[in-house]
Amino acid sequence: MSHPLLERLGIAEHPRVVASATESSDRVVVSYSPATGQPIAGVRLDDEGSYEQTAASAVEAFKRWREVPAPKRGQVVRAIGDALREQLEPLGELVALEVGKIRAEGIGEVQETVDIADFAVGLSRQLYGLTMPSERPEHRMYEQWLPLGPIGVITAFNFPNAVWGWNAMLAAVCGDVTVWKPSLLAPLTAIATNKIAQDVAEAMGHDGIFQLVIGTDEAVGKRLVADRRFPLISATGSCRMGRAVGQVVASRLGRCLLELGGNNGIIVEPDADLDLAVKSVVFGAVGTCGQRCTTTRRLIIHESIADAFVDKLASAYRTIRIGDPLETSTLVGPLINEQAVASFERAVSAAREQGATLVVGGSRVAPSELPEHLRGGHYVQPTIFRAPGSSLPIAMEETFAPILYVFTYSRLEEALEMHNSVDQGLSSAIFTSSVRSAERFLSPSGSGSDCGLAYVNLGTSGAEIGGAFGGEKDTGGGRESGSDAWKAYMRRQTCTINFGEQFALAQGIRFE
Ligand code: UN1
């Protein structure tokens with residue numbers, strides 16, 4: 001018997017889904033619920049041969065799709081957005097079931113894909129190029145943006161729907177075809193998501209725009225990354241993965257869009273609205289069980305308010321309901337798997353050894369504290385440590401778990417230095433009611449936050465789709481989602497037309 005959500009989403013009988021599988025093999029990967037440890041279903045894996053078929057058919061589909069005028073492509077994306085709206089609940093619940101984020105966040109994630117679809121529809125009429133005056137008489141010069149090609153999209157487990165959406169919805173209006181390699185920890189969400197888009201596109205006469213390859217890095221990932229037929233590889237995941245992908249793509253002179261790790265900090269100034277700051281730090285640090293690339297991992301707080309603030313945080317942490325992500329009262333679900341629990345435990349031991357003081361949390365949730373059906377799940381306690389001084393080596397690493405390290409400072413300059421001292425540069429925030437401190441953080445000289453996302457009086461996670469999303473330094477430099485991120489999915493052509501009869505050279509060169 002397959003899971004009711006698979007039935008509702010129409011993928012129980014999907015050729016890739018093996019409802020009865022309970023153990024992974026070379027050919028099938030089993031997707032487990034992190035909440036219970038129980039298998040949900042198996043998924044057939046691609047091999048070299050089926051990868052090749054998919055890549056070749058993506059190239060053919062691209063040749064057809066690029067001929068469709070962009071606003072018409074937008075109509076297909078509009079219909080996909082509508083279909084996703086209809087499936088918002090079951091798809092959001094499947095996200096929650098498969099990766100363990102709470103139901104509200106699962107549905108919020110699908111909403112993010114609906115939002116980017118809406119954005120892409122508008123964009124389909126706004127793929128503007130500039131016109132520039134030519135220095136030569138009777139010449140016209142302008143640039144146009146052209147479809148780029150089939151795009152390889154590699155996604156992580158933690159946003160198994162929306163990160164595809166950011167890429168695929170923009171790519172589609174830009175005239176590109178997406179070949180999606182999802183995380184092997186969330187293949188069912190990928191099948192359900194891709195099916196919605198593919199079914200809509202096919203019904204409108206456009207087959208093959210949204211394709212899926214599911215497989216190991218060895219069989220599929222490495223092939224996709226090295227494949228010259230994909231001029232752009234957009235990859236989300238760890239810095240280690242990004243470095244490997246970046247090197248291979250660079251060696252074939254392809255383009256990469258990397259959205260890698262974060263080690264996001266919040267600075268709290270003494271003049272901040274502390275209630276607002278507490279709520280934002282809690283959501284940022286424990287939301288999605290600390291498994292967002294935008295999760296708040298470091299709190300950098302003015303020494304004069306640190307003790308009282310940490311007390312408030314700890315009290316809030318003690319009230320957090322940990323449990324079944326599909327129950328509406330739950331605020332924090334499980335980590336994705338046992339490896340994630342092990343890295344949580346390693347970070348906790350390292351913090352202790354490095355002299356940090358445990359404020360709250362610090363262990364996995366004992367099975368005896370859980371209802372019987374959750375005892376196979378991967379639950380940990382949201383954890384706060386106070387750093388012994390300005391240095392705590394473990395806090396320089398991104399541990400994908402709900403651990404918050406607290407540092408104190410006396411001057412804002414010192415806080416900024418601490419803030420920018422990590423390798424990653426994704427998201428950042430300051431809480432203050434002073435225009436001076438806020439603007440110092442956002443200084444136009446670039447000497448404030450060194451991150452791609454900077455917030456004032458908001459936490460580090462929960463970006464809207466309208467802005468460009470991504471970060472600097474080891475975060476990889478890519479930008480996805482809103483603003484002009486679409487340009488990554490197109491190629492720019494500078495066009496110059498001589499409509500006169502003169503042989504005129506630029507730079508005034510005479511060649512008679
Ligand atoms: C991620 O964790 O990879 O800003 C993406 C946020 C979400 C996206 C997170 N909108 O937290």
# chains A, B, ... in the order shown; residues from 1 in each chain; ligands from 1
>>> residues_around(residues="stretch 252-266 of chain A", least_positions_apart="3", cutoff="6 Å", atoms="only C-alpha atoms", output="PyMOL selection string")
chain A and resi 231-239+249+293+296-300+398+424+426-430+470+475-476+478
>>> select_by_dssp(residues="stretch 214-251 of chain A", states="alpha helix (DSSP H)", output="JSON, numbers by chain")
{"A": [222, 223, 224, 225, 226, 239, 240, 241, 242, 243, 244, 245, 246, 247, 248, 249, 250, 251]}
>>> closest_atom_pairs(of="stretch 130-242 of chain A", to="stretch 29-44 of chain A", cutoff="10 Å", atoms="only C-alpha atoms", output="tab-separated table")
residue	atom	partner	partner_atom	distance
A:Leu184	CA	A:Val29	CA	7.1
A:Leu185	CA	A:Ser31	CA	6.1
A:Ala186	CA	A:Ser31	CA	6.7
A:Pro187	CA	A:Val43	CA	7.0
A:Leu188	CA	A:Ser31	CA	7.3
A:Thr189	CA	A:Ser31	CA	10.0
A:Ile191	CA	A:Val43	CA	9.1
A:Ile214	CA	A:Arg44	CA	7.8
A:Gly215	CA	A:Arg44	CA	8.5
A:Thr216	CA	A:Val29	CA	9.4
>>> write_last_selection(atoms="N, CA, C and O atoms", output="tab-separated table (two decimals), in the first residue's frame")
chain	number	residue	atom	x	y	z
A	184	LEU	N	19.06	12.76	-3.07
A	184	LEU	CA	18.53	11.40	-2.89
A	184	LEU	C	17.78	11.27	-1.57
A	184	LEU	O	17.18	10.23	-1.29
A	185	LEU	N	17.80	12.33	-0.76
A	185	LEU	CA	17.02	12.30	0.48
A	185	LEU	C	15.61	12.83	0.27
A	185	LEU	O	14.78	12.76	1.17
A	186	ALA	N	15.34	13.37	-0.90
A	186	ALA	CA	13.99	13.91	-1.15
A	186	ALA	C	13.52	13.63	-2.58
A	186	ALA	O	13.02	14.54	-3.26
A	187	PRO	N	13.65	12.40	-3.04
A	187	PRO	CA	13.30	12.13	-4.44
A	187	PRO	C	11.79	12.15	-4.71
A	187	PRO	O	11.37	12.45	-5.83
A	188	LEU	N	10.98	11.86	-3.70
A	188	LEU	CA	9.52	11.79	-3.94
A	188	LEU	C	8.96	13.20	-4.17
A	188	LEU	O	8.11	13.40	-5.05
A	189	THR	N	9.44	14.16	-3.39
A	189	THR	CA	9.01	15.54	-3.61
A	189	THR	C	9.39	15.97	-5.02
A	189	THR	O	8.62	16.66	-5.71
A	191	ILE	N	9.77	14.06	-7.69
A	191	ILE	CA	8.91	13.41	-8.69
A	191	ILE	C	7.55	14.10	-8.74
A	191	ILE	O	7.04	14.41	-9.82
A	214	ILE	N	17.54	11.12	-11.42
A	214	ILE	CA	17.69	10.79	-10.01
A	214	ILE	C	18.77	9.72	-9.93
A	214	ILE	O	18.64	8.65	-10.53
A	215	GLY	N	19.84	10.03	-9.23
A	215	GLY	CA	20.90	9.02	-9.17
A	215	GLY	C	22.02	9.47	-8.27
A	215	GLY	O	22.01	10.58	-7.71
A	216	THR	N	22.98	8.59	-8.14
A	216	THR	CA	24.13	8.89	-7.28
A	216	THR	C	25.01	9.92	-7.98
A	216	THR	O	24.91	10.14	-9.19
>>> closest_atom_pairs(of="chain A", to="ligand 1", cutoff="10 Å", atoms="only C-alpha atoms and all ligand atoms", output="JSON lines")
{"residue": "A:Glu105", "atom": "CA", "partner": "ligand 1", "partner_atom_place_in_ligand_line": "7 (C)", "distance": 9.9}
{"residue": "A:Gly108", "atom": "CA", "partner": "ligand 1", "partner_atom_place_in_ligand_line": "10 (N)", "distance": 9.0}
{"residue": "A:Glu109", "atom": "CA", "partner": "ligand 1", "partner_atom_place_in_ligand_line": "10 (N)", "distance": 7.6}
{"residue": "A:Glu112", "atom": "CA", "partner": "ligand 1", "partner_atom_place_in_ligand_line": "10 (N)", "distance": 7.2}
{"residue": "A:Thr155", "atom": "CA", "partner": "ligand 1", "partner_atom_place_in_ligand_line": "3 (O)", "distance": 8.5}
{"residue": "A:Ala156", "atom": "CA", "partner": "ligand 1", "partner_atom_place_in_ligand_line": "3 (O)", "distance": 7.3}
{"residue": "A:Phe157", "atom": "CA", "partner": "ligand 1", "partner_atom_place_in_ligand_line": "3 (O)", "distance": 8.8}
{"residue": "A:Asn158", "atom": "CA", "partner": "ligand 1", "partner_atom_place_in_ligand_line": "2 (O)", "distance": 6.3}
{"residue": "A:Phe159", "atom": "CA", "partner": "ligand 1", "partner_atom_place_in_ligand_line": "3 (O)", "distance": 5.7}
{"residue": "A:Pro160", "atom": "CA", "partner": "ligand 1", "partner_atom_place_in_ligand_line": "3 (O)", "distance": 9.0}
{"residue": "A:Ala162", "atom": "CA", "partner": "ligand 1", "partner_atom_place_in_ligand_line": "8 (C)", "distance": 7.7}
{"residue": "A:Val163", "atom": "CA", "partner": "ligand 1", "partner_atom_place_in_ligand_line": "5 (C)", "distance": 6.9}
{"residue": "A:Trp166", "atom": "CA", "partner": "ligand 1", "partner_atom_place_in_ligand_line": "8 (C)", "distance": 9.9}
{"residue": "A:Thr236", "atom": "CA", "partner": "ligand 1", "partner_atom_place_in_ligand_line": "3 (O)", "distance": 6.8}
{"residue": "A:Gly237", "atom": "CA", "partner": "ligand 1", "partner_atom_place_in_ligand_line": "3 (O)", "distance": 7.5}
{"residue": "A:Ser238", "atom": "CA", "partner": "ligand 1", "partner_atom_place_in_ligand_line": "3 (O)", "distance": 9.9}
{"residue": "A:Glu259", "atom": "CA", "partner": "ligand 1", "partner_atom_place_in_ligand_line": "3 (O)", "distance": 7.5}
{"residue": "A:Leu260", "atom": "CA", "partner": "ligand 1", "partner_atom_place_in_ligand_line": "3 (O)", "distance": 7.9}
{"residue": "A:Gly261", "atom": "CA", "partner": "ligand 1", "partner_atom_place_in_ligand_line": "3 (O)", "distance": 8.2}
{"residue": "A:Gly262", "atom": "CA", "partner": "ligand 1", "partner_atom_place_in_ligand_line": "2 (O)", "distance": 8.8}
{"residue": "A:Gly284", "atom": "CA", "partner": "ligand 1", "partner_atom_place_in_ligand_line": "11 (O)", "distance": 8.3}
{"residue": "A:Gly287", "atom": "CA", "partner": "ligand 1", "partner_atom_place_in_ligand_line": "11 (O)", "distance": 9.0}
{"residue": "A:Thr288", "atom": "CA", "partner": "ligand 1", "partner_atom_place_in_ligand_line": "2 (O)", "distance": 8.9}
{"residue": "A:Gly290", "atom": "CA", "partner": "ligand 1", "partner_atom_place_in_ligand_line": "2 (O)", "distance": 9.4}
{"residue": "A:Gln291", "atom": "CA", "partner": "ligand 1", "partner_atom_place_in_ligand_line": "2 (O)", "distance": 6.9}
{"residue": "A:Arg292", "atom": "CA", "partner": "ligand 1", "partner_atom_place_in_ligand_line": "2 (O)", "distance": 3.5}
{"residue": "A:Cys293", "atom": "CA", "partner": "ligand 1", "partner_atom_place_in_ligand_line": "2 (O)", "distance": 3.7}
{"residue": "A:Thr294", "atom": "CA", "partner": "ligand 1", "partner_atom_place_in_ligand_line": "11 (O)", "distance": 5.0}
{"residue": "A:Thr295", "atom": "CA", "partner": "ligand 1", "partner_atom_place_in_ligand_line": "11 (O)", "distance": 7.0}
{"residue": "A:Thr296", "atom": "CA", "partner": "ligand 1", "partner_atom_place_in_ligand_line": "11 (O)", "distance": 9.8}
{"residue": "A:Leu426", "atom": "CA", "partner": "ligand 1", "partner_atom_place_in_ligand_line": "4 (O)", "distance": 9.8}
{"residue": "A:Ser427", "atom": "CA", "partner": "ligand 1", "partner_atom_place_in_ligand_line": "4 (O)", "distance": 8.4}
{"residue": "A:Leu453", "atom": "CA", "partner": "ligand 1", "partner_atom_place_in_ligand_line": "4 (O)", "distance": 9.0}
{"residue": "A:Gly459", "atom": "CA", "partner": "ligand 1", "partner_atom_place_in_ligand_line": "11 (O)", "distance": 9.4}
{"residue": "A:Thr460", "atom": "CA", "partner": "ligand 1", "partner_atom_place_in_ligand_line": "11 (O)", "distance": 7.2}
{"residue": "A:Ser461", "atom": "CA", "partner": "ligand 1", "partner_atom_place_in_ligand_line": "11 (O)", "distance": 3.7}
{"residue": "A:Gly462", "atom": "CA", "partner": "ligand 1", "partner_atom_place_in_ligand_line": "11 (O)", "distance": 3.7}
{"residue": "A:Ala463", "atom": "CA", "partner": "ligand 1", "partner_atom_place_in_ligand_line": "4 (O)", "distance": 3.6}
{"residue": "A:Glu464", "atom": "CA", "partner": "ligand 1", "partner_atom_place_in_ligand_line": "10 (N)", "distance": 6.0}
{"residue": "A:Ile465", "atom": "CA", "partner": "ligand 1", "partner_atom_place_in_ligand_line": "10 (N)", "distance": 7.0}
{"residue": "A:Phe469", "atom": "CA", "partner": "ligand 1", "partner_atom_place_in_ligand_line": "4 (O)", "distance": 7.7}
{"residue": "A:Gly470", "atom": "CA", "partner": "ligand 1", "partner_atom_place_in_ligand_line": "5 (C)", "distance": 8.8}
{"residue": "A:Ser481", "atom": "CA", "partner": "ligand 1", "partner_atom_place_in_ligand_line": "10 (N)", "distance": 9.6}
>>> residues_around(residues="A:Arg352", least_positions_apart="5", cutoff="12 Å", atoms="only C-alpha atoms", output="list in words")
Glu345, Arg346, Ala347, Thr357, Leu358, Val359, Gly362, Ile384, Phe385, Arg386, Ala387, Pro388, Leu392, Pro393, Ile394, Ala395 and Tyr405 of chain A
>>> write_last_selection(atoms="all heavy atoms", output="compact mmCIF listing (two decimals), in the first residue's frame")
# COMPACT_ATOMS: atom_id res chain seq x y z
N GLU A 345 25.93 16.09 17.34
CA GLU A 345 26.60 15.66 18.58
C GLU A 345 28.09 16.01 18.57
O GLU A 345 28.65 16.41 19.59
CB GLU A 345 26.39 14.15 18.79
CG GLU A 345 24.95 13.88 19.24
CD GLU A 345 24.58 12.41 19.35
OE1 GLU A 345 25.22 11.58 18.66
OE2 GLU A 345 23.65 12.09 20.13
N ARG A 346 28.71 15.88 17.37
CA ARG A 346 30.13 16.25 17.26
C ARG A 346 30.32 17.73 17.55
O ARG A 346 31.25 18.12 18.27
CB ARG A 346 30.65 15.96 15.85
CG ARG A 346 31.26 14.58 15.70
CD ARG A 346 32.12 14.51 14.44
NE ARG A 346 31.42 14.89 13.23
CZ ARG A 346 30.63 14.06 12.52
NH1 ARG A 346 30.46 12.81 12.90
NH2 ARG A 346 30.01 14.49 11.44
N ALA A 347 29.44 18.57 17.02
CA ALA A 347 29.58 20.01 17.24
C ALA A 347 29.38 20.36 18.71
O ALA A 347 30.09 21.20 19.27
CB ALA A 347 28.58 20.78 16.36
N THR A 357 29.99 27.51 27.00
CA THR A 357 29.09 27.12 28.09
C THR A 357 27.72 26.80 27.52
O THR A 357 27.12 27.63 26.81
CB THR A 357 28.92 28.30 29.08
OG1 THR A 357 30.21 28.78 29.40
CG2 THR A 357 28.18 27.88 30.34
N LEU A 358 27.23 25.62 27.86
CA LEU A 358 25.91 25.22 27.37
C LEU A 358 24.83 25.99 28.13
O LEU A 358 24.83 26.01 29.36
CB LEU A 358 25.73 23.71 27.58
CG LEU A 358 24.40 23.13 27.09
CD1 LEU A 358 24.32 23.17 25.57
CD2 LEU A 358 24.23 21.70 27.59
N VAL A 359 23.92 26.62 27.39
CA VAL A 359 22.83 27.37 28.04
C VAL A 359 21.57 26.50 28.07
O VAL A 359 20.86 26.42 29.08
CB VAL A 359 22.54 28.68 27.27
CG1 VAL A 359 21.38 29.44 27.90
CG2 VAL A 359 23.78 29.54 27.20
N GLY A 362 21.51 20.62 23.91
CA GLY A 362 22.79 19.92 23.95
C GLY A 362 22.72 18.42 23.70
O GLY A 362 23.76 17.78 23.57
N ILE A 384 21.76 26.20 22.68
CA ILE A 384 22.48 27.49 22.72
C ILE A 384 23.76 27.31 23.53
O ILE A 384 23.74 26.72 24.61
CB ILE A 384 21.63 28.59 23.39
CG1 ILE A 384 20.29 28.78 22.65
CG2 ILE A 384 22.39 29.91 23.45
CD1 ILE A 384 19.36 29.80 23.29
N PHE A 385 24.85 27.82 22.98
CA PHE A 385 26.13 27.86 23.69
C PHE A 385 26.57 29.30 23.80
O PHE A 385 26.41 30.08 22.85
CB PHE A 385 27.21 27.14 22.88
CG PHE A 385 27.27 25.66 23.12
CD1 PHE A 385 26.83 24.77 22.14
CD2 PHE A 385 27.79 25.16 24.31
CE1 PHE A 385 26.89 23.40 22.35
CE2 PHE A 385 27.87 23.79 24.51
CZ PHE A 385 27.41 22.90 23.54
N ARG A 386 27.18 29.65 24.94
CA ARG A 386 27.86 30.94 25.01
C ARG A 386 29.34 30.73 24.78
O ARG A 386 29.96 29.87 25.41
CB ARG A 386 27.61 31.61 26.36
CG ARG A 386 26.23 32.25 26.37
CD ARG A 386 26.00 33.13 27.56
NE ARG A 386 26.68 34.40 27.41
CZ ARG A 386 26.32 35.49 28.09
NH1 ARG A 386 25.30 35.44 28.93
NH2 ARG A 386 26.98 36.61 27.94
N ALA A 387 29.90 31.50 23.88
CA ALA A 387 31.32 31.36 23.55
C ALA A 387 32.17 31.91 24.68
O ALA A 387 31.76 32.85 25.36
CB ALA A 387 31.62 32.11 22.26
N PRO A 388 33.35 31.33 24.89
CA PRO A 388 34.20 31.79 25.99
C PRO A 388 34.80 33.18 25.75
O PRO A 388 35.17 33.87 26.67
CB PRO A 388 35.29 30.74 26.06
CG PRO A 388 35.32 30.08 24.72
CD PRO A 388 33.95 30.21 24.15
N LEU A 392 35.78 30.89 18.88
CA LEU A 392 35.25 29.56 19.16
C LEU A 392 35.31 28.81 17.82
O LEU A 392 34.44 29.00 16.95
CB LEU A 392 33.80 29.66 19.67
CG LEU A 392 33.08 28.34 19.97
CD1 LEU A 392 33.73 27.61 21.14
CD2 LEU A 392 31.60 28.59 20.27
N PRO A 393 36.35 27.99 17.60
CA PRO A 393 36.55 27.40 16.26
C PRO A 393 35.34 26.68 15.69
O PRO A 393 35.03 26.85 14.51
CB PRO A 393 37.72 26.42 16.49
CG PRO A 393 38.45 26.97 17.67
CD PRO A 393 37.43 27.65 18.54
N ILE A 394 34.58 25.97 16.51
CA ILE A 394 33.44 25.20 15.96
C ILE A 394 32.38 26.15 15.37
O ILE A 394 31.67 25.79 14.43
CB ILE A 394 32.82 24.25 17.02
CG1 ILE A 394 31.76 23.34 16.40
CG2 ILE A 394 32.25 25.01 18.21
CD1 ILE A 394 32.25 22.36 15.37
N ALA A 395 32.33 27.37 15.90
CA ALA A 395 31.34 28.33 15.39
C ALA A 395 31.71 28.86 14.01
O ALA A 395 30.91 29.52 13.35
CB ALA A 395 31.20 29.49 16.37
N TYR A 405 25.45 29.87 18.63
CA TYR A 405 26.60 30.28 19.44
C TYR A 405 26.46 31.76 19.74
O TYR A 405 26.23 32.57 18.82
CB TYR A 405 27.90 30.03 18.69
CG TYR A 405 28.09 28.59 18.25
CD1 TYR A 405 27.90 28.22 16.91
CD2 TYR A 405 28.42 27.60 19.17
CE1 TYR A 405 28.07 26.91 16.50
CE2 TYR A 405 28.59 26.27 18.76
CZ TYR A 405 28.41 25.93 17.42
OH TYR A 405 28.56 24.65 17.02
>>> residues_around(residues="A:Ala314", least_positions_apart="4", cutoff="10 Å", atoms="only C-alpha atoms", output="PyMOL selection string")
chain A and resi 278+282+308-310+318-319+359-361+382-384
>>> atom_distance(atom1="atom CA of A:Trp164", atom2="atom CA of A:Asp118")
14.7 Å
>>> atom_distance(atom1="atom CA of A:Thr408", atom2="atom CA of A:Val332")
26.9 Å
